[in-house]
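Asker: Sending over a structure as structure tokens; questions will come in a sec.
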Amino acid sequence: MNQWQGDRLLQQWSTELLSNDTKDSSEHNRINQQAGLRALLPQLIGTFATTDDHSIKLLETVDCGSYIRKRIECSASPYSYFAAYVLIPKQMTTPAPAVIAIHGHGYGSREIVGLLPNGEPDLNAPGIHQHYAIQLVNRGLITIAPDVIGFGERRLSEDIARNADIANSCDSLSSRMLLMGKTLVGFRVHEILRVLDILSDMPEVDAERIGIMGFSGGALIAYITAALDQRIRATVLTGFTNTYQDSILQIHHCICNYIPGQALHADLPQWIGLIAPRPLFVEAGRHDPIFPIQGFHNAISQLQQIYQQHNAEQQFASDIFEGAHEISGRYAYDWIQKKLAIID
Ligand SMILES: [Zn+2]
């Protein structure tokens with residue numbers, strides 16, 4: 001009797017996907033492939049209406065010692081408003097470089113600015129997000145940390161009514177958006193592009209020196225934003241860089257990681273490589289169970305090759321630290337500060 005072997009079937013599909021990969025790395029093909037992928041990306045992630053409401057509401061201002069923390073509310077799309085923390089160093093040369101800091105799965109932007117879910121100061125040792133927006137602002141970088149849709153106070157009311165402790169609304173949002181030909185990450189990128197507009201318009205910000213740093217699901221949003229918008233001049237991806245075969249296709253991930261058909265066109269390092277030749281730093285914990293270290297090695301060798309093809313080897317850097325699925329930042333924070341400082 002034949003046995004149902006669903007696991008084997010899935011493995012076979014993944015193998016076929018890899019064998020379809022073109023190995024033509026000629027200059028002509030590479031340029032064509034990059035242009036093609038960049039043009040395809042907005043179609044794959046879905047398109048979204050832009051709001052006419054460009055108002056920015058100031059919700060609070062708090063003196064945090066070495067920096068001022070503001071909370072603002074803005075909008076990128078009709079019917080949807082979101083808040084963001086803006087951390088402004090007290091000591092800076094204006095206009096100053098700025099970084100968009102994007103959190104991963106968790107309770108939202110408060111998790112990276114040193115606050116508890118209720119907005120009270122988090123006096124505990126920082127968790128996997130390492131309060132990293134504070135690390136950035138303390139290096140003289142204006143840091144904006146938006147609340148990503150689906151987390152914290154941006155979970156759906158229907159999910160909270162079912163379970164007040166529900167971790168996020170990724171399933172509810174993603175499943176219905178996929179039916180409409182849209183993706184949750186596409187909408188998240190749409191909102192980050194609005195954040196980029198806001199940041200560029202701030203008088204304190206040097207619009208020529210804007211970077212982005214994302215952790216895990218936040219790194220997914222960060223790389224797509226950087227791939228699509230040249231205004232992002234330096235990018236840090238932490239807890240994310242890998243190959244599809246080693247991670248997203250192999251290990252259970254939240255549905256918000258999946259963009260229909262994306263793996264048919266290129267592997268994840270090629271998509272991330274759309275950032276080249278602009279500066280890119282990737283880091284990974286040696287013991288990350290969901291983005292395994294072997295996949296990180298495979299991805300960085302592909303990214304090194306892409307940066308070499310652009311004659312920009314010095315613009316790509318990486319770090320492996322002794323940790324799991326978490327941020328280290330031991331080199332990344334100083335790297336992004338330096339890269340944004342030396343732009344002509
Ligand atoms: Zn998710």
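Chain lettering (A, B, ...) mirrors the order of the structure tokens, residue numbering begins at 1 for each chain separately, and ligand numbering begins at 1 in order of display.
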Would you list, as number ranges by chain, the residues of range 28-132 of chain A that end up in strand (DSSP E) under DSSP run on this structure's backbone?

Answerer: A: 57-63, 67-77, 80-89, 96-102

Asker: If you take only C-alpha atoms and all ligand atoms and a cut-off of 8 Å, which residues of chain A touch ligand 1, and what are their nearest atom pairs and distances in Å to one decimal, in chain and number order, as JSON lines?

Answerer:
{"residue": "A:His105", "atom": "CA", "partner": "ligand 1", "partner_atom_place_in_ligand_line": "1 (Zn)", "distance": 6.3}
{"residue": "A:Gly150", "atom": "CA", "partner": "ligand 1", "partner_atom_place_in_ligand_line": "1 (Zn)", "distance": 7.6}
{"residue": "A:Asn168", "atom": "CA", "partner": "ligand 1", "partner_atom_place_in_ligand_line": "1 (Zn)", "distance": 7.1}
{"residue": "A:Ser169", "atom": "CA", "partner": "ligand 1", "partner_atom_place_in_ligand_line": "1 (Zn)", "distance": 7.5}
{"residue": "A:Cys170", "atom": "CA", "partner": "ligand 1", "partner_atom_place_in_ligand_line": "1 (Zn)", "distance": 4.5}
{"residue": "A:Asp171", "atom": "CA", "partner": "ligand 1", "partner_atom_place_in_ligand_line": "1 (Zn)", "distance": 7.2}
{"residue": "A:Gly217", "atom": "CA", "partner": "ligand 1", "partner_atom_place_in_ligand_line": "1 (Zn)", "distance": 6.9}
{"residue": "A:His253", "atom": "CA", "partner": "ligand 1", "partner_atom_place_in_ligand_line": "1 (Zn)", "distance": 7.9}
{"residue": "A:Cys254", "atom": "CA", "partner": "ligand 1", "partner_atom_place_in_ligand_line": "1 (Zn)", "distance": 4.6}
{"residue": "A:Ile255", "atom": "CA", "partner": "ligand 1", "partner_atom_place_in_ligand_line": "1 (Zn)", "distance": 5.9}
{"residue": "A:Cys256", "atom": "CA", "partner": "ligand 1", "partner_atom_place_in_ligand_line": "1 (Zn)", "distance": 4.3}
{"residue": "A:Asn257", "atom": "CA", "partner": "ligand 1", "partner_atom_place_in_ligand_line": "1 (Zn)", "distance": 6.7}

Asker: Take the residues from that selection and put them in a file with C-alpha atoms, as a tab-separated table (two decimals), in the first residue's frame.

Answerer:
chain	number	residue	atom	x	y	z
A	105	HIS	CA	7.00	39.97	16.95
A	150	GLY	CA	-0.84	43.54	14.14
A	168	ASN	CA	-0.68	39.32	17.58
A	169	SER	CA	-3.16	39.63	14.71
A	170	CYS	CA	-0.83	38.31	12.00
A	171	ASP	CA	-3.10	35.33	11.17
A	217	GLY	CA	9.95	40.29	11.26
A	253	HIS	CA	7.36	30.82	10.85
A	254	CYS	CA	4.51	33.27	11.30
A	255	ILE	CA	2.34	33.54	8.19
A	256	CYS	CA	3.36	37.22	7.85
A	257	ASN	CA	6.73	36.01	6.42

Asker: So that I can see what lies close to Leu18 in chain A, please list as a PDB file with C-alpha atoms, in the first residue's frame the residues with an atom at most 10 Å from it, counting only C-alpha atoms and leaving out residues fewer than 3 positions away in the same chain.

Answerer:
ATOM      1  CA  TRP A  13       8.731  20.941  -4.340  1.00  0.00           C
ATOM      2  CA  SER A  14      11.483  22.806  -2.463  1.00  0.00           C
ATOM      3  CA  THR A  15      14.179  20.852  -4.345  1.00  0.00           C
ATOM      4  CA  ASP A  21      17.463  28.706 -10.075  1.00  0.00           C
ATOM      5  CA  THR A  22      19.426  30.163 -12.993  1.00  0.00           C
ATOM      6  CA  TYR A 244      14.557  30.151   1.987  1.00  0.00           C
ATOM      7  CA  GLN A 245      15.721  26.529   1.934  1.00  0.00           C
ATOM      8  CA  ALA A 263      10.659  32.079  -4.005  1.00  0.00           C
ATOM      9  CA  LEU A 264       9.913  31.302  -7.675  1.00  0.00           C
ATOM     10  CA  ALA A 266      14.930  34.409  -6.464  1.00  0.00           C
ATOM     11  CA  ASP A 267      16.260  33.152  -3.147  1.00  0.00           C
TER      12      ASP A 267
END

Asker: Which residue out of A:Val86, A:Arg155, A:Ala76, A:Gly323 has the minimum interatomic distance to Tyr107 in chain A when only C-alpha atoms are used?

Answerer: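 Among A:Val86, A:Arg155, A:Ala76, A:Gly323, it is A:Arg155 that comes nearest to Tyr107 in chain A.
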
Asker: Measuring atom to atom with only C-alpha atoms, identify which of A:Gly108, A:Glu322, A:Leu199, A:Glu283 is nearest to Ile88 in chain A.

Answerer: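 Looking only at the distances to Ile88 in chain A, the closest residue turns out to be A:Leu199.
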
Asker: Using Å and a single decimal, report how far CA of Ala284 in chain A sits from CA of Phe321 in chain A.

Answerer: 6.4 Å

Asker: If you count only C-alpha atoms, which residues fall within 10 Å of range 336-340 of chain A, apart from same-chain ones fewer than 5 positions away, as JSON, numbers by chain?

Answerer: {"A": [96, 97, 98, 99, 136, 137, 139, 140, 141, 206, 208, 209, 210, 211, 212, 213, 233, 234, 235, 236, 278, 279, 280, 281, 315, 331]}

Asker: Limited to C-alpha atoms, could you put the picked residues into a file as a compact mmCIF listing (two decimals), in the first residue's frame?

Answerer:
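Below is the file again-v5.txt, written as the result:
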# COMPACT_ATOMS: atom_id res chain seq x y z
CA ALA A 96 21.28 64.99 12.30
CA PRO A 97 21.31 61.50 10.79
CA ALA A 98 18.26 59.38 11.57
CA VAL A 99 17.32 55.70 11.79
CA LEU A 136 20.79 54.19 18.52
CA VAL A 137 19.68 57.52 20.02
CA ARG A 139 24.89 57.41 19.38
CA GLY A 140 23.48 60.77 18.27
CA LEU A 141 20.97 59.30 15.81
CA ASP A 206 19.41 65.28 7.48
CA GLU A 208 20.51 62.44 3.01
CA ARG A 209 21.51 60.42 6.08
CA ILE A 210 18.61 58.09 6.88
CA GLY A 211 19.17 54.45 7.81
CA ILE A 212 16.97 51.54 8.83
CA MET A 213 17.43 48.73 11.35
CA ARG A 233 21.29 54.96 2.86
CA ALA A 234 22.34 52.23 5.32
CA THR A 235 20.60 49.06 6.54
CA VAL A 236 21.05 46.70 9.49
CA ARG A 278 24.26 50.77 -0.50
CA PRO A 279 25.73 49.78 2.90
CA LEU A 280 24.32 46.64 4.54
CA PHE A 281 25.19 44.98 7.86
CA GLN A 315 29.81 48.27 2.01
CA TYR A 331 29.22 46.07 16.01

Asker: If you count only C-alpha atoms, which residues fall within 10 Å of Lys57 in chain A, apart from same-chain ones fewer than 3 positions away, as a PyMOL selection string?

Answerer: chain A and resi 54+60+71-75+83

Asker: What lies within 10 Å of Phe291 in chain A using only C-alpha atoms, ignoring chain neighbours under 6 positions off, as a count of residues only?

Answerer: 17

Asker: Could you check which of A:Ile259, A:Pro95, A:Tyr223, A:Asp229 is closest to Val282 in chain A, using only C-alpha atoms?

Answerer: A:Tyr223

Asker: Name the residues of range 163-265 of chain A that fall into helix (DSSP H, G or I) according to DSSP on the backbone, using the chain letters and numbers of this document, as a ChimeraX atom specification.

Answerer: /A:170-179,184-201,217-228,244-248,255-257,262-265

Asker: Between CA of Ala35 in chain A and CA of Leu249 in chain A, what distance in Å does the model show, to one decimal?

Answerer: 25.0 Å

Asker: Which one of A:Ala341, A:Ile166, A:Leu9, A:Ile306 sits closest to Ser26 in chain A if you count only C-alpha atoms?

Answerer: A:Ile306

Asker: With a distance cut-off of 12 Å and only C-alpha atoms, select the neighbouring residues of Gln305 in chain A, excluding the residue or stretch itself and same-chain residues fewer than 4 positions from it, and output the selection as a PDB file with all heavy atoms, in the first residue's frame.

Answerer:
ATOM      1  N   SER A  25      25.560  34.061 -14.060  1.00  0.00           N
ATOM      2  CA  SER A  25      25.929  35.216 -13.236  1.00  0.00           C
ATOM      3  C   SER A  25      26.639  36.278 -14.078  1.00  0.00           C
ATOM      4  O   SER A  25      27.421  37.062 -13.567  1.00  0.00           O
ATOM      5  CB  SER A  25      26.802  34.771 -12.066  1.00  0.00           C
ATOM      6  OG  SER A  25      27.962  34.162 -12.582  1.00  0.00           O
ATOM      7  N   ARG A  30      22.909  39.738 -14.547  1.00  0.00           N
ATOM      8  CA  ARG A  30      22.769  40.213 -13.170  1.00  0.00           C
ATOM      9  C   ARG A  30      22.007  41.539 -13.119  1.00  0.00           C
ATOM     10  O   ARG A  30      21.086  41.709 -12.323  1.00  0.00           O
ATOM     11  CB  ARG A  30      24.173  40.389 -12.554  1.00  0.00           C
ATOM     12  CG  ARG A  30      24.171  40.954 -11.153  1.00  0.00           C
ATOM     13  CD  ARG A  30      25.577  41.128 -10.635  1.00  0.00           C
ATOM     14  NE  ARG A  30      26.389  42.040 -11.403  1.00  0.00           N
ATOM     15  CZ  ARG A  30      26.257  43.368 -11.370  1.00  0.00           C
ATOM     16  NH1 ARG A  30      25.335  43.915 -10.617  1.00  0.00           N
ATOM     17  NH2 ARG A  30      27.035  44.137 -12.086  1.00  0.00           N
ATOM     18  N   PRO A 269      18.606  35.746  -0.273  1.00  0.00           N
ATOM     19  CA  PRO A 269      19.771  36.647  -0.371  1.00  0.00           C
ATOM     20  C   PRO A 269      19.736  37.540  -1.615  1.00  0.00           C
ATOM     21  O   PRO A 269      20.218  38.673  -1.568  1.00  0.00           O
ATOM     22  CB  PRO A 269      20.962  35.682  -0.417  1.00  0.00           C
ATOM     23  CG  PRO A 269      20.466  34.449   0.257  1.00  0.00           C
ATOM     24  CD  PRO A 269      19.015  34.337  -0.105  1.00  0.00           C
ATOM     25  N   GLN A 270      19.164  37.030  -2.702  1.00  0.00           N
ATOM     26  CA  GLN A 270      19.063  37.867  -3.914  1.00  0.00           C
ATOM     27  C   GLN A 270      18.091  39.028  -3.686  1.00  0.00           C
ATOM     28  O   GLN A 270      18.326  40.145  -4.144  1.00  0.00           O
ATOM     29  CB  GLN A 270      18.565  37.052  -5.100  1.00  0.00           C
ATOM     30  CG  GLN A 270      19.663  36.590  -6.035  1.00  0.00           C
ATOM     31  CD  GLN A 270      20.333  35.358  -5.481  1.00  0.00           C
ATOM     32  OE1 GLN A 270      19.649  34.411  -5.119  1.00  0.00           O
ATOM     33  NE2 GLN A 270      21.631  35.368  -5.378  1.00  0.00           N
ATOM     34  N   GLY A 273      19.812  41.379  -1.571  1.00  0.00           N
ATOM     35  CA  GLY A 273      20.884  41.972  -2.370  1.00  0.00           C
ATOM     36  C   GLY A 273      20.433  43.158  -3.216  1.00  0.00           C
ATOM     37  O   GLY A 273      21.276  43.882  -3.752  1.00  0.00           O
ATOM     38  N   ALA A 276      22.120  46.431  -2.472  1.00  0.00           N
ATOM     39  CA  ALA A 276      23.462  46.765  -2.999  1.00  0.00           C
ATOM     40  C   ALA A 276      23.363  47.815  -4.102  1.00  0.00           C
ATOM     41  O   ALA A 276      22.398  47.812  -4.868  1.00  0.00           O
ATOM     42  CB  ALA A 276      24.110  45.499  -3.549  1.00  0.00           C
ATOM     43  N   PRO A 277      24.331  48.711  -4.193  1.00  0.00           N
ATOM     44  CA  PRO A 277      25.602  48.775  -3.465  1.00  0.00           C
ATOM     45  C   PRO A 277      25.546  49.618  -2.191  1.00  0.00           C
ATOM     46  O   PRO A 277      26.590  49.941  -1.646  1.00  0.00           O
ATOM     47  CB  PRO A 277      26.512  49.448  -4.494  1.00  0.00           C
ATOM     48  CG  PRO A 277      25.595  50.402  -5.222  1.00  0.00           C
ATOM     49  CD  PRO A 277      24.273  49.707  -5.282  1.00  0.00           C
ATOM     50  N   ASN A 298      25.314  30.566   4.293  1.00  0.00           N
ATOM     51  CA  ASN A 298      24.970  30.456   2.870  1.00  0.00           C
ATOM     52  C   ASN A 298      24.529  31.812   2.320  1.00  0.00           C
ATOM     53  O   ASN A 298      24.872  32.187   1.200  1.00  0.00           O
ATOM     54  CB  ASN A 298      23.850  29.425   2.662  1.00  0.00           C
ATOM     55  CG  ASN A 298      24.302  28.010   2.990  1.00  0.00           C
ATOM     56  OD1 ASN A 298      25.502  27.726   2.992  1.00  0.00           O
ATOM     57  ND2 ASN A 298      23.361  27.121   3.289  1.00  0.00           N
ATOM     58  N   ALA A 299      23.764  32.532   3.111  1.00  0.00           N
ATOM     59  CA  ALA A 299      23.256  33.837   2.655  1.00  0.00           C
ATOM     60  C   ALA A 299      24.396  34.852   2.556  1.00  0.00           C
ATOM     61  O   ALA A 299      24.464  35.609   1.578  1.00  0.00           O
ATOM     62  CB  ALA A 299      22.173  34.346   3.611  1.00  0.00           C
ATOM     63  N   ILE A 300      25.300  34.878   3.541  1.00  0.00           N
ATOM     64  CA  ILE A 300      26.348  35.910   3.468  1.00  0.00           C
ATOM     65  C   ILE A 300      27.309  35.640   2.319  1.00  0.00           C
ATOM     66  O   ILE A 300      27.814  36.571   1.712  1.00  0.00           O
ATOM     67  CB  ILE A 300      27.114  36.186   4.805  1.00  0.00           C
ATOM     68  CG1 ILE A 300      27.719  34.957   5.388  1.00  0.00           C
ATOM     69  CG2 ILE A 300      26.261  36.889   5.793  1.00  0.00           C
ATOM     70  CD1 ILE A 300      28.573  35.272   6.632  1.00  0.00           C
ATOM     71  N   SER A 301      27.541  34.362   1.972  1.00  0.00           N
ATOM     72  CA  SER A 301      28.432  34.142   0.819  1.00  0.00           C
ATOM     73  C   SER A 301      27.762  34.656  -0.452  1.00  0.00           C
ATOM     74  O   SER A 301      28.420  35.230  -1.322  1.00  0.00           O
ATOM     75  CB  SER A 301      28.875  32.685   0.712  1.00  0.00           C
ATOM     76  OG  SER A 301      27.799  31.880   0.377  1.00  0.00           O
ATOM     77  N   GLN A 309      30.142  42.068  -7.123  1.00  0.00           N
ATOM     78  CA  GLN A 309      29.711  42.390  -8.494  1.00  0.00           C
ATOM     79  C   GLN A 309      29.446  43.887  -8.655  1.00  0.00           C
ATOM     80  O   GLN A 309      29.549  44.434  -9.737  1.00  0.00           O
ATOM     81  CB  GLN A 309      28.450  41.586  -8.841  1.00  0.00           C
ATOM     82  CG  GLN A 309      28.737  40.114  -9.077  1.00  0.00           C
ATOM     83  CD  GLN A 309      27.490  39.259  -9.028  1.00  0.00           C
ATOM     84  OE1 GLN A 309      26.424  39.700  -8.593  1.00  0.00           O
ATOM     85  NE2 GLN A 309      27.611  38.024  -9.483  1.00  0.00           N
ATOM     86  N   HIS A 310      29.094  44.544  -7.559  1.00  0.00           N
ATOM     87  CA  HIS A 310      28.872  45.993  -7.582  1.00  0.00           C
ATOM     88  C   HIS A 310      30.153  46.771  -7.251  1.00  0.00           C
ATOM     89  O   HIS A 310      30.091  47.989  -7.080  1.00  0.00           O
ATOM     90  CB  HIS A 310      27.794  46.385  -6.561  1.00  0.00           C
ATOM     91  CG  HIS A 310      26.400  46.054  -6.995  1.00  0.00           C
ATOM     92  ND1 HIS A 310      25.616  46.935  -7.712  1.00  0.00           N
ATOM     93  CD2 HIS A 310      25.654  44.942  -6.828  1.00  0.00           C
ATOM     94  CE1 HIS A 310      24.439  46.374  -7.948  1.00  0.00           C
ATOM     95  NE2 HIS A 310      24.429  45.165  -7.418  1.00  0.00           N
ATOM     96  N   ASN A 311      31.268  46.063  -7.086  1.00  0.00           N
ATOM     97  CA  ASN A 311      32.521  46.688  -6.638  1.00  0.00           C
ATOM     98  C   ASN A 311      32.319  47.453  -5.334  1.00  0.00           C
ATOM     99  O   ASN A 311      32.790  48.577  -5.163  1.00  0.00           O
ATOM    100  CB  ASN A 311      33.085  47.636  -7.700  1.00  0.00           C
ATOM    101  CG  ASN A 311      33.528  46.872  -8.919  1.00  0.00           C
ATOM    102  OD1 ASN A 311      34.121  45.804  -8.788  1.00  0.00           O
ATOM    103  ND2 ASN A 311      33.201  47.381 -10.097  1.00  0.00           N
ATOM    104  N   ALA A 312      31.575  46.860  -4.435  1.00  0.00           N
ATOM    105  CA  ALA A 312      31.233  47.543  -3.184  1.00  0.00           C
ATOM    106  C   ALA A 312      31.418  46.614  -1.985  1.00  0.00           C
ATOM    107  O   ALA A 312      30.643  46.658  -1.027  1.00  0.00           O
ATOM    108  CB  ALA A 312      29.788  48.041  -3.262  1.00  0.00           C
ATOM    109  N   GLU A 313      32.473  45.776  -2.043  1.00  0.00           N
ATOM    110  CA  GLU A 313      32.700  44.803  -0.957  1.00  0.00           C
ATOM    111  C   GLU A 313      32.742  45.472   0.411  1.00  0.00           C
ATOM    112  O   GLU A 313      32.291  44.913   1.403  1.00  0.00           O
ATOM    113  CB  GLU A 313      34.034  44.068  -1.149  1.00  0.00           C
ATOM    114  CG  GLU A 313      34.113  43.191  -2.365  1.00  0.00           C
ATOM    115  CD  GLU A 313      34.806  43.882  -3.510  1.00  0.00           C
ATOM    116  OE1 GLU A 313      34.521  45.083  -3.727  1.00  0.00           O
ATOM    117  OE2 GLU A 313      35.621  43.239  -4.185  1.00  0.00           O
ATOM    118  N   GLN A 314      33.330  46.673   0.441  1.00  0.00           N
ATOM    119  CA  GLN A 314      33.504  47.354   1.734  1.00  0.00           C
ATOM    120  C   GLN A 314      32.182  47.860   2.315  1.00  0.00           C
ATOM    121  O   GLN A 314      32.130  48.296   3.459  1.00  0.00           O
ATOM    122  CB  GLN A 314      34.514  48.510   1.610  1.00  0.00           C
ATOM    123  CG  GLN A 314      34.033  49.730   0.865  1.00  0.00           C
ATOM    124  CD  GLN A 314      33.984  49.556  -0.664  1.00  0.00           C
ATOM    125  OE1 GLN A 314      34.250  48.468  -1.184  1.00  0.00           O
ATOM    126  NE2 GLN A 314      33.624  50.601  -1.369  1.00  0.00           N
ATOM    127  N   PHE A 316      29.544  45.928   2.656  1.00  0.00           N
ATOM    128  CA  PHE A 316      28.822  44.802   3.239  1.00  0.00           C
ATOM    129  C   PHE A 316      29.610  44.247   4.417  1.00  0.00           C
ATOM    130  O   PHE A 316      30.808  44.002   4.303  1.00  0.00           O
ATOM    131  CB  PHE A 316      28.601  43.692   2.204  1.00  0.00           C
ATOM    132  CG  PHE A 316      27.934  42.474   2.788  1.00  0.00           C
ATOM    133  CD1 PHE A 316      26.618  42.530   3.205  1.00  0.00           C
ATOM    134  CD2 PHE A 316      28.636  41.290   2.961  1.00  0.00           C
ATOM    135  CE1 PHE A 316      26.000  41.421   3.773  1.00  0.00           C
ATOM    136  CE2 PHE A 316      28.028  40.174   3.528  1.00  0.00           C
ATOM    137  CZ  PHE A 316      26.705  40.245   3.927  1.00  0.00           C
TER     138      PHE A 316
END

Asker: Identify which of the residues A:Gly295, A:Asn118, A:Leu274, A:Pro203 lies closest to Asn32 in chain A, counting only C-alpha atoms when measuring atom-to-atom distances.

Answerer: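 Between A:Gly295, A:Asn118, A:Leu274, A:Pro203, the residue approaching Asn32 in chain A most closely is A:Leu274.
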
Asker: Given only C-alpha atoms as the basis, pick out the residue of A:Val62, A:Ala101, A:Tyr333, A:Ser157 nearest to Gly119 in chain A.

Answerer: A:Val62
